[in-house]
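What follows is the content of my_file-v4.cif, which has mmCIF, C-alpha atoms:
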```cif
data_structure
loop_
_atom_site.label_atom_id
_atom_site.label_comp_id
_atom_site.auth_asym_id
_atom_site.auth_seq_id
_atom_site.Cartn_x
_atom_site.Cartn_y
_atom_site.Cartn_z
CA MET A 272 0.00 0.00 0.00
CA SER A 273 1.16 3.47 -0.69
CA ASN A 274 2.04 5.78 2.12
CA PRO A 275 -1.15 7.55 3.33
CA ASP A 276 0.72 10.87 3.63
CA SER A 277 1.99 10.60 0.08
CA PHE A 278 -1.50 9.79 -1.14
CA LEU A 279 -2.98 12.80 0.67
CA ASN A 280 -0.26 15.06 -0.75
CA GLU A 281 -1.03 13.89 -4.28
CA VAL A 282 -4.75 14.50 -3.80
CA THR A 283 -4.11 17.94 -2.28
CA GLU A 284 -1.78 18.87 -5.13
CA GLU A 285 -4.34 17.70 -7.69
CA LEU A 286 -7.06 19.77 -6.03
CA ARG A 287 -4.74 22.78 -5.99
CA ARG A 288 -4.08 22.41 -9.71
CA ASP A 289 -7.79 22.11 -10.44
CA ARG A 290 -8.49 25.18 -8.38
CA MET A 291 -5.73 27.14 -10.11
CA MET A 292 -7.04 26.19 -13.54
CA GLY A 293 -10.46 27.36 -12.46
CA TYR A 294 -9.03 30.71 -11.37
CA LEU A 295 -7.19 31.06 -14.65
CA ARG A 296 -10.32 30.28 -16.65
CA LYS A 297 -12.35 32.71 -14.58
CA TYR A 298 -9.85 35.54 -14.04
CA GLY A 299 -7.09 34.93 -16.54
CA TRP A 300 -8.36 37.67 -18.83
CA ILE A 301 -7.48 40.22 -16.13
CA ALA A 302 -3.84 39.19 -16.17
CA VAL A 303 -3.80 39.27 -19.97
CA LEU A 304 -5.36 42.73 -19.96
CA ALA A 305 -2.81 43.94 -17.40
CA VAL A 306 0.05 42.71 -19.58
CA LEU A 307 -1.45 44.39 -22.64
CA LEU A 308 -1.88 47.66 -20.76
CA ILE A 309 1.71 47.58 -19.54
CA VAL A 310 3.06 46.80 -23.00
CA GLY A 311 0.74 49.33 -24.61
CA GLY A 312 1.63 52.00 -22.05
CA THR A 313 5.33 51.46 -22.65
CA GLY A 314 4.83 51.70 -26.39
CA TRP A 315 2.76 54.87 -26.00
CA ASN A 316 5.44 56.51 -23.84
CA GLU A 317 8.15 55.66 -26.34
CA TRP A 318 6.04 56.98 -29.21
CA ARG A 319 5.30 60.18 -27.29
CA LYS A 320 8.98 60.72 -26.47
CA ALA A 321 9.95 60.15 -30.11
CA THR A 322 7.23 62.56 -31.25
CA ASP A 323 8.29 65.24 -28.75
CA ARG A 324 11.91 64.85 -29.83
CA ALA A 325 11.00 65.13 -33.50
CA ASN A 326 8.85 68.22 -32.85
CA ALA A 327 11.66 69.87 -30.86
CA GLU A 328 14.15 69.17 -33.62
CA ALA A 329 11.78 70.54 -36.25
CA PHE A 330 11.24 73.67 -34.16
CA GLY A 331 14.99 74.15 -33.73
CA ASP A 332 15.60 73.73 -37.45
CA ALA A 333 12.88 76.27 -38.23
CA VAL A 334 14.38 78.80 -35.81
CA LEU A 335 17.86 78.37 -37.26
CA ALA A 336 16.52 78.74 -40.78
CA ALA A 337 14.67 81.93 -39.80
CA LEU A 338 17.79 83.44 -38.22
CA GLU A 339 19.84 82.75 -41.35
CA ASN A 340 18.07 85.62 -43.14
CA ASN A 341 20.38 88.60 -43.61
CA ASP A 342 17.71 91.24 -43.05
CA PRO A 343 16.41 91.70 -39.45
CA SER A 344 12.87 92.32 -40.70
CA ALA A 345 13.00 89.10 -42.70
CA ARG A 346 14.19 87.25 -39.62
CA VAL A 347 11.29 88.62 -37.58
CA ASN A 348 8.78 87.68 -40.29
CA ALA A 349 10.25 84.19 -40.59
CA LEU A 350 10.11 83.67 -36.83
CA ALA A 351 6.46 84.75 -36.81
CA GLN A 352 5.62 82.00 -39.32
CA ILE A 353 6.92 79.19 -37.10
CA GLU A 354 4.25 77.04 -35.49
CA THR A 355 4.76 76.78 -31.74
CA THR A 356 3.44 74.82 -28.81
CA GLY A 357 3.78 75.59 -25.11
CA ALA A 358 7.00 77.30 -24.09
CA GLN A 359 8.17 77.57 -27.69
CA ALA A 360 5.94 80.64 -28.10
CA GLY A 361 7.93 82.40 -25.38
CA MET A 362 11.20 81.63 -27.10
CA ILE A 363 9.88 83.06 -30.37
CA GLN A 364 8.75 86.22 -28.56
CA LEU A 365 12.20 86.72 -27.02
CA LEU A 366 14.03 86.05 -30.28
CA SER A 367 11.74 88.38 -32.21
CA ALA A 368 12.20 91.14 -29.65
CA GLY A 369 15.96 90.76 -29.91
CA GLU A 370 15.78 91.18 -33.66
CA LEU A 371 13.46 94.18 -33.39
CA ILE A 372 16.00 96.04 -31.24
CA GLU A 373 17.96 96.70 -34.42
CA THR A 374 15.05 98.04 -36.45
CA ASP A 375 12.22 99.09 -34.13
CA ARG A 376 13.30 99.76 -30.56
CA ALA A 377 9.84 100.75 -29.35
CA ALA A 378 8.30 97.59 -30.79
CA ALA A 379 11.05 95.46 -29.22
CA LEU A 380 10.49 96.95 -25.77
CA ALA A 381 6.73 96.52 -26.15
CA ALA A 382 7.22 92.86 -27.13
CA LEU A 383 9.48 92.25 -24.13
CA ALA A 384 6.98 93.95 -21.82
CA ALA A 385 4.19 91.77 -23.19
CA ALA A 386 6.26 88.61 -22.77
CA SER A 387 7.21 89.50 -19.20
CA GLU A 388 3.53 89.82 -18.29
CA ASP A 389 2.25 86.81 -20.23
CA SER A 390 1.04 84.34 -17.59
CA ALA A 391 0.88 81.59 -20.23
CA LEU A 392 4.68 81.58 -20.50
CA PRO A 393 7.01 79.75 -18.11
CA GLU A 394 8.24 81.96 -15.26
CA ALA A 395 11.85 81.68 -16.47
CA TYR A 396 10.91 83.18 -19.86
CA ARG A 397 8.95 85.98 -18.21
CA GLN A 398 11.88 86.90 -15.99
CA LEU A 399 14.30 86.80 -18.91
CA ALA A 400 12.01 89.09 -20.90
CA ALA A 401 11.85 91.54 -18.00
CA LEU A 402 15.64 91.58 -17.61
CA LYS A 403 16.22 92.00 -21.37
CA ARG A 404 13.76 94.90 -21.34
CA VAL A 405 15.65 96.65 -18.53
CA ILE A 406 18.98 96.17 -20.33
CA ALA A 407 17.71 97.13 -23.78
CA GLY A 408 15.47 99.96 -22.60
CA GLY A 409 18.00 101.82 -20.50
CA SER A 410 16.98 105.41 -19.90
CA ASP A 411 13.88 104.93 -22.08
CA ILE A 412 12.37 103.18 -19.04
CA PRO A 413 11.87 105.33 -15.91
CA ILE A 414 14.40 104.64 -13.15
CA GLU A 415 11.65 103.82 -10.66
CA GLU A 416 10.25 101.14 -12.94
CA ARG A 417 13.68 99.64 -13.57
CA GLU A 418 14.37 99.58 -9.83
CA MET A 419 11.09 97.79 -9.21
CA LEU A 420 11.73 95.17 -11.90
CA LEU A 421 15.31 94.53 -10.77
CA ALA A 422 14.25 94.29 -7.13
CA GLY A 423 11.99 91.38 -8.01
CA LEU A 424 14.56 89.67 -10.21
CA SER A 425 17.36 89.98 -7.64
CA GLN A 426 15.55 88.29 -4.78
CA PRO A 427 17.40 85.28 -3.25
CA GLY A 428 16.64 82.08 -5.12
CA GLN A 429 15.72 83.77 -8.40
CA PRO A 430 17.54 82.22 -11.40
CA LEU A 431 18.62 85.57 -12.89
CA ARG A 432 19.68 87.11 -9.57
CA PRO A 433 23.40 87.59 -10.42
CA MET A 434 22.67 89.48 -13.65
CA ALA A 435 19.89 91.45 -11.97
CA LEU A 436 22.31 92.52 -9.24
CA GLU A 437 24.81 93.64 -11.86
CA GLN A 438 22.13 95.79 -13.50
CA THR A 439 21.12 97.13 -10.09
CA ALA A 440 24.72 98.25 -9.52
CA LEU A 441 24.81 99.92 -12.93
CA LEU A 442 21.56 101.68 -12.11
CA GLN A 443 23.18 103.05 -8.95
CA LEU A 444 26.09 104.33 -11.03
CA GLU A 445 23.62 106.00 -13.38
CA GLN A 446 22.20 107.84 -10.38
CA GLY A 447 25.66 108.92 -9.19
CA ASN A 448 26.02 106.44 -6.32
CA PRO A 449 29.36 104.66 -6.93
CA GLU A 450 29.79 103.57 -3.30
CA THR A 451 26.44 101.78 -3.34
CA ALA A 452 27.29 100.23 -6.71
CA ILE A 453 30.61 98.90 -5.37
CA GLU A 454 28.84 97.49 -2.31
CA ILE A 455 26.31 95.65 -4.48
CA MET A 456 28.99 94.26 -6.80
CA THR A 457 31.23 93.22 -3.90
CA ASP A 458 28.32 91.27 -2.44
CA LEU A 459 27.69 89.76 -5.86
CA LEU A 460 31.29 88.56 -6.14
CA SER A 461 31.00 86.79 -2.79
CA GLN A 462 28.26 84.51 -4.10
CA SER A 463 28.95 81.07 -5.55
CA ASP A 464 26.42 81.05 -8.40
CA VAL A 465 28.18 83.71 -10.49
CA SER A 466 29.49 82.71 -13.91
CA ASP A 467 33.16 83.27 -14.72
CA THR A 468 32.27 85.79 -17.43
CA LEU A 469 30.07 87.83 -15.11
CA ARG A 470 32.64 87.61 -12.33
CA ARG A 471 35.38 89.00 -14.58
CA ARG A 472 33.15 91.81 -15.82
CA VAL A 473 32.07 92.86 -12.33
CA THR A 474 35.61 92.57 -10.96
CA GLN A 475 36.93 94.89 -13.67
CA LEU A 476 34.23 97.44 -12.92
CA VAL A 477 34.85 97.35 -9.16
CA VAL A 478 38.59 97.89 -9.69
CA ALA A 479 37.90 100.70 -12.19
CA LEU A 480 35.75 102.42 -9.56
CA GLY A 481 38.54 102.19 -7.00
CA GLY A 482 37.07 99.33 -5.00
CA GLU A 483 38.88 96.30 -3.62
CA VAL A 484 38.21 92.74 -4.67
CA ALA A 485 38.88 89.91 -2.26
CA SER A 486 41.04 87.12 -3.68
CA ARG A 487 39.36 83.76 -4.13
#
```
Rewrite the coordinates I just gave you, this time as structure tokens.
Amino acid sequence: MSNPDSFLNEVTEELRRDRMMGYLRKYGWIAVLAVLLIVGGTGWNEWRKATDRANAEAFGDAVLAALENNDPSARVNALAQIETTGAQAGMIQLLSAGELIETDRAAALAALAAASEDSALPEAYRQLAALKRVIAGGSDIPIEEREMLLAGLSQPGQPLRPMALEQTALLQLEQGNPETAIEIMTDLLSQSDVSDTLRRRVTQLVVALGGEVASR
């Protein structure tokens, strides 16, 4: 006679297999659907990434082609013809404003002002537009307005803070306050997030004004 324990194990195993087959017949479609969704989702993500990459490359090619025109007006017109999505519209606005500086200063400053106040654009683009407007506008923009714009851009944690501080120092020089300008630039040089180019430029200006620059 066979071992009773062995016999019971065989029966239990057989019942387990029957039960498992029943589960598969009843619920197996759920597992198949889950696999299809996973595979389909992965394929969709890859397709979306490839599409986004292709669109970005096409946008870049169109921008480069537009900027190859010799005439600034032609460049502006070509940029205006480019189809954009999302943040690309902000980039076109900034590029167009930069081109207009050469031919229509008032229009360029108006375009930069509009971009800086366009809530549909990413905050980084809006801040860049505001800073470019301050730099390009110079004395065409009232000092009080420039001070207000630069005060917001130079707050701790803002991405354009170093350049905004540089412009703040230049604004102090414009108002005949060299000591304040040197103080601002000295503080700027003590910060770690200053590019080498900006650091050299500010250092030269501080020295030219008779200030002292701490060695790094």
Residue nearest Tyr396 (chain A) - candidates A:Gly428, A:Gly423, A:Gly361, A:Gly409, atoms counted: only C-alpha atoms: A:Gly361
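The coordinates place CA of Thr439 (chain A) at 7.7 Å from CA of Ala452 (chain A).
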Surrounding residues of Ala385 (chain A) excluding itself and chain neighbours under 4 positions, 12 Å, only C-alpha atoms, as a PyMOL selection string: chain A and resi 361+364-365+368+378-381+389-392+396-398+400-401+404
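Taking CA of Leu431 (chain A) as the reference point, CA of Glu445 (chain A) is found at 21.0 Å.
What separates CA of Leu399 (chain A) from CA of Ser387 (chain A) is a distance of 7.6 Å.
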Minimum-distance residue to Glu450 (chain A), chosen among A:Gly482, A:Thr356, A:Val473, A:Asp467 (using all atoms listed in the file): A:Gly482
Explicit residues for the PyMOL selection byres ((chain A and resi 408) around 10) (as an MDAnalysis selection string): chainID A and resid 372 376:377 379:380 383 402:407 409:413 417
Selection result of the PyMOL selection byres ((chain A and resi 330) around 12) on this file, as a ChimeraX atom specification: /A:323-329,331-337,350,352-360,362-363
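Considering all atoms listed in the file, the residue among A:Ala440, A:Leu366, A:Met419, A:Val478 positioned nearest to Ala386 (chain A) is A:Leu366.
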Using the chain letters and residue numbers of this document, give as a PDB file with C-alpha atoms, in the frame of the given file the residues selected by the PyMOL selection byres ((chain A and resi 480) around 10).
```pdb
ATOM      1  CA  LEU A 444      26.090 104.330 -11.030  1.00  0.00           C
ATOM      2  CA  PRO A 449      29.360 104.660  -6.930  1.00  0.00           C
ATOM      3  CA  GLU A 450      29.790 103.570  -3.300  1.00  0.00           C
ATOM      4  CA  ALA A 452      27.290 100.230  -6.710  1.00  0.00           C
ATOM      5  CA  ILE A 453      30.610  98.900  -5.370  1.00  0.00           C
ATOM      6  CA  THR A 474      35.610  92.570 -10.960  1.00  0.00           C
ATOM      7  CA  GLN A 475      36.930  94.890 -13.670  1.00  0.00           C
ATOM      8  CA  LEU A 476      34.230  97.440 -12.920  1.00  0.00           C
ATOM      9  CA  VAL A 477      34.850  97.350  -9.160  1.00  0.00           C
ATOM     10  CA  VAL A 478      38.590  97.890  -9.690  1.00  0.00           C
ATOM     11  CA  ALA A 479      37.900 100.700 -12.190  1.00  0.00           C
ATOM     12  CA  GLY A 481      38.540 102.190  -7.000  1.00  0.00           C
ATOM     13  CA  GLY A 482      37.070  99.330  -5.000  1.00  0.00           C
ATOM     14  CA  GLU A 483      38.880  96.300  -3.620  1.00  0.00           C
TER      15      GLU A 483
END
```
Would you mind putting back N, CA, C and O atoms on region 411-434 of chain A, then writing it out as a PDB file, keeping the file's coordinate frame?
```pdb
ATOM      1  N   ASP A 411      15.230 104.812 -21.515  1.00  0.00           N
ATOM      2  CA  ASP A 411      13.880 104.930 -22.080  1.00  0.00           C
ATOM      3  C   ASP A 411      12.825 104.443 -21.084  1.00  0.00           C
ATOM      4  O   ASP A 411      11.636 104.736 -21.240  1.00  0.00           O
ATOM      5  N   ILE A 412      13.266 103.672 -20.082  1.00  0.00           N
ATOM      6  CA  ILE A 412      12.370 103.180 -19.040  1.00  0.00           C
ATOM      7  C   ILE A 412      12.649 103.978 -17.774  1.00  0.00           C
ATOM      8  O   ILE A 412      13.815 104.119 -17.380  1.00  0.00           O
ATOM      9  N   PRO A 413      11.644 104.528 -17.121  1.00  0.00           N
ATOM     10  CA  PRO A 413      11.870 105.330 -15.910  1.00  0.00           C
ATOM     11  C   PRO A 413      12.690 104.553 -14.863  1.00  0.00           C
ATOM     12  O   PRO A 413      12.554 103.328 -14.730  1.00  0.00           O
ATOM     13  N   ILE A 414      13.542 105.267 -14.160  1.00  0.00           N
ATOM     14  CA  ILE A 414      14.400 104.640 -13.150  1.00  0.00           C
ATOM     15  C   ILE A 414      13.576 103.887 -12.115  1.00  0.00           C
ATOM     16  O   ILE A 414      13.937 102.768 -11.704  1.00  0.00           O
ATOM     17  N   GLU A 415      12.474 104.466 -11.680  1.00  0.00           N
ATOM     18  CA  GLU A 415      11.650 103.820 -10.660  1.00  0.00           C
ATOM     19  C   GLU A 415      11.140 102.460 -11.139  1.00  0.00           C
ATOM     20  O   GLU A 415      11.101 101.490 -10.371  1.00  0.00           O
ATOM     21  N   GLU A 416      10.759 102.405 -12.407  1.00  0.00           N
ATOM     22  CA  GLU A 416      10.250 101.140 -12.940  1.00  0.00           C
ATOM     23  C   GLU A 416      11.372 100.113 -13.043  1.00  0.00           C
ATOM     24  O   GLU A 416      11.192  98.940 -12.726  1.00  0.00           O
ATOM     25  N   ARG A 417      12.551 100.561 -13.489  1.00  0.00           N
ATOM     26  CA  ARG A 417      13.680  99.640 -13.570  1.00  0.00           C
ATOM     27  C   ARG A 417      14.067  99.123 -12.188  1.00  0.00           C
ATOM     28  O   ARG A 417      14.371  97.938 -12.014  1.00  0.00           O
ATOM     29  N   GLU A 418      14.057  99.995 -11.200  1.00  0.00           N
ATOM     30  CA  GLU A 418      14.370  99.580  -9.830  1.00  0.00           C
ATOM     31  C   GLU A 418      13.380  98.542  -9.335  1.00  0.00           C
ATOM     32  O   GLU A 418      13.779  97.549  -8.694  1.00  0.00           O
ATOM     33  N   MET A 419      12.108  98.733  -9.639  1.00  0.00           N
ATOM     34  CA  MET A 419      11.090  97.790  -9.210  1.00  0.00           C
ATOM     35  C   MET A 419      11.284  96.424  -9.875  1.00  0.00           C
ATOM     36  O   MET A 419      11.220  95.372  -9.224  1.00  0.00           O
ATOM     37  N   LEU A 420      11.536  96.428 -11.180  1.00  0.00           N
ATOM     38  CA  LEU A 420      11.730  95.170 -11.900  1.00  0.00           C
ATOM     39  C   LEU A 420      12.967  94.433 -11.399  1.00  0.00           C
ATOM     40  O   LEU A 420      12.929  93.214 -11.165  1.00  0.00           O
ATOM     41  N   LEU A 421      14.062  95.154 -11.215  1.00  0.00           N
ATOM     42  CA  LEU A 421      15.310  94.530 -10.770  1.00  0.00           C
ATOM     43  C   LEU A 421      15.203  94.037  -9.334  1.00  0.00           C
ATOM     44  O   LEU A 421      15.817  93.031  -8.972  1.00  0.00           O
ATOM     45  N   ALA A 422      14.427  94.728  -8.522  1.00  0.00           N
ATOM     46  CA  ALA A 422      14.250  94.290  -7.130  1.00  0.00           C
ATOM     47  C   ALA A 422      13.599  92.916  -7.079  1.00  0.00           C
ATOM     48  O   ALA A 422      13.972  92.063  -6.269  1.00  0.00           O
ATOM     49  N   GLY A 423      12.630  92.695  -7.966  1.00  0.00           N
ATOM     50  CA  GLY A 423      11.990  91.380  -8.010  1.00  0.00           C
ATOM     51  C   GLY A 423      12.905  90.300  -8.552  1.00  0.00           C
ATOM     52  O   GLY A 423      12.945  89.177  -8.040  1.00  0.00           O
ATOM     53  N   LEU A 424      13.677  90.644  -9.573  1.00  0.00           N
ATOM     54  CA  LEU A 424      14.560  89.670 -10.210  1.00  0.00           C
ATOM     55  C   LEU A 424      15.775  89.316  -9.352  1.00  0.00           C
ATOM     56  O   LEU A 424      16.375  88.256  -9.529  1.00  0.00           O
ATOM     57  N   SER A 425      16.145  90.204  -8.436  1.00  0.00           N
ATOM     58  CA  SER A 425      17.360  89.980  -7.640  1.00  0.00           C
ATOM     59  C   SER A 425      17.073  89.382  -6.271  1.00  0.00           C
ATOM     60  O   SER A 425      17.974  89.313  -5.433  1.00  0.00           O
ATOM     61  N   GLN A 426      15.863  88.925  -6.054  1.00  0.00           N
ATOM     62  CA  GLN A 426      15.550  88.290  -4.780  1.00  0.00           C
ATOM     63  C   GLN A 426      16.297  86.952  -4.655  1.00  0.00           C
ATOM     64  O   GLN A 426      16.534  86.272  -5.658  1.00  0.00           O
ATOM     65  N   PRO A 427      16.711  86.569  -3.438  1.00  0.00           N
ATOM     66  CA  PRO A 427      17.400  85.280  -3.250  1.00  0.00           C
ATOM     67  C   PRO A 427      16.593  84.126  -3.822  1.00  0.00           C
ATOM     68  O   PRO A 427      15.381  84.055  -3.644  1.00  0.00           O
ATOM     69  N   GLY A 428      17.290  83.254  -4.532  1.00  0.00           N
ATOM     70  CA  GLY A 428      16.640  82.080  -5.120  1.00  0.00           C
ATOM     71  C   GLY A 428      16.163  82.284  -6.543  1.00  0.00           C
ATOM     72  O   GLY A 428      15.827  81.310  -7.219  1.00  0.00           O
ATOM     73  N   GLN A 429      16.145  83.520  -7.022  1.00  0.00           N
ATOM     74  CA  GLN A 429      15.720  83.770  -8.400  1.00  0.00           C
ATOM     75  C   GLN A 429      16.829  83.384  -9.367  1.00  0.00           C
ATOM     76  O   GLN A 429      18.009  83.666  -9.104  1.00  0.00           O
ATOM     77  N   PRO A 430      16.501  82.747 -10.487  1.00  0.00           N
ATOM     78  CA  PRO A 430      17.540  82.220 -11.400  1.00  0.00           C
ATOM     79  C   PRO A 430      18.412  83.299 -12.036  1.00  0.00           C
ATOM     80  O   PRO A 430      19.569  83.045 -12.359  1.00  0.00           O
ATOM     81  N   LEU A 431      17.866  84.494 -12.231  1.00  0.00           N
ATOM     82  CA  LEU A 431      18.620  85.570 -12.890  1.00  0.00           C
ATOM     83  C   LEU A 431      19.187  86.573 -11.882  1.00  0.00           C
ATOM     84  O   LEU A 431      19.573  87.678 -12.260  1.00  0.00           O
ATOM     85  N   ARG A 432      19.243  86.194 -10.628  1.00  0.00           N
ATOM     86  CA  ARG A 432      19.680  87.110  -9.570  1.00  0.00           C
ATOM     87  C   ARG A 432      21.051  87.742  -9.837  1.00  0.00           C
ATOM     88  O   ARG A 432      21.203  88.966  -9.678  1.00  0.00           O
ATOM     89  N   PRO A 433      22.092  86.966 -10.210  1.00  0.00           N
ATOM     90  CA  PRO A 433      23.400  87.590 -10.420  1.00  0.00           C
ATOM     91  C   PRO A 433      23.368  88.709 -11.462  1.00  0.00           C
ATOM     92  O   PRO A 433      23.913  89.803 -11.230  1.00  0.00           O
ATOM     93  N   MET A 434      22.732  88.459 -12.615  1.00  0.00           N
ATOM     94  CA  MET A 434      22.670  89.480 -13.650  1.00  0.00           C
ATOM     95  C   MET A 434      21.801  90.663 -13.231  1.00  0.00           C
ATOM     96  O   MET A 434      22.069  91.814 -13.585  1.00  0.00           O
TER      97      MET A 434
END
```
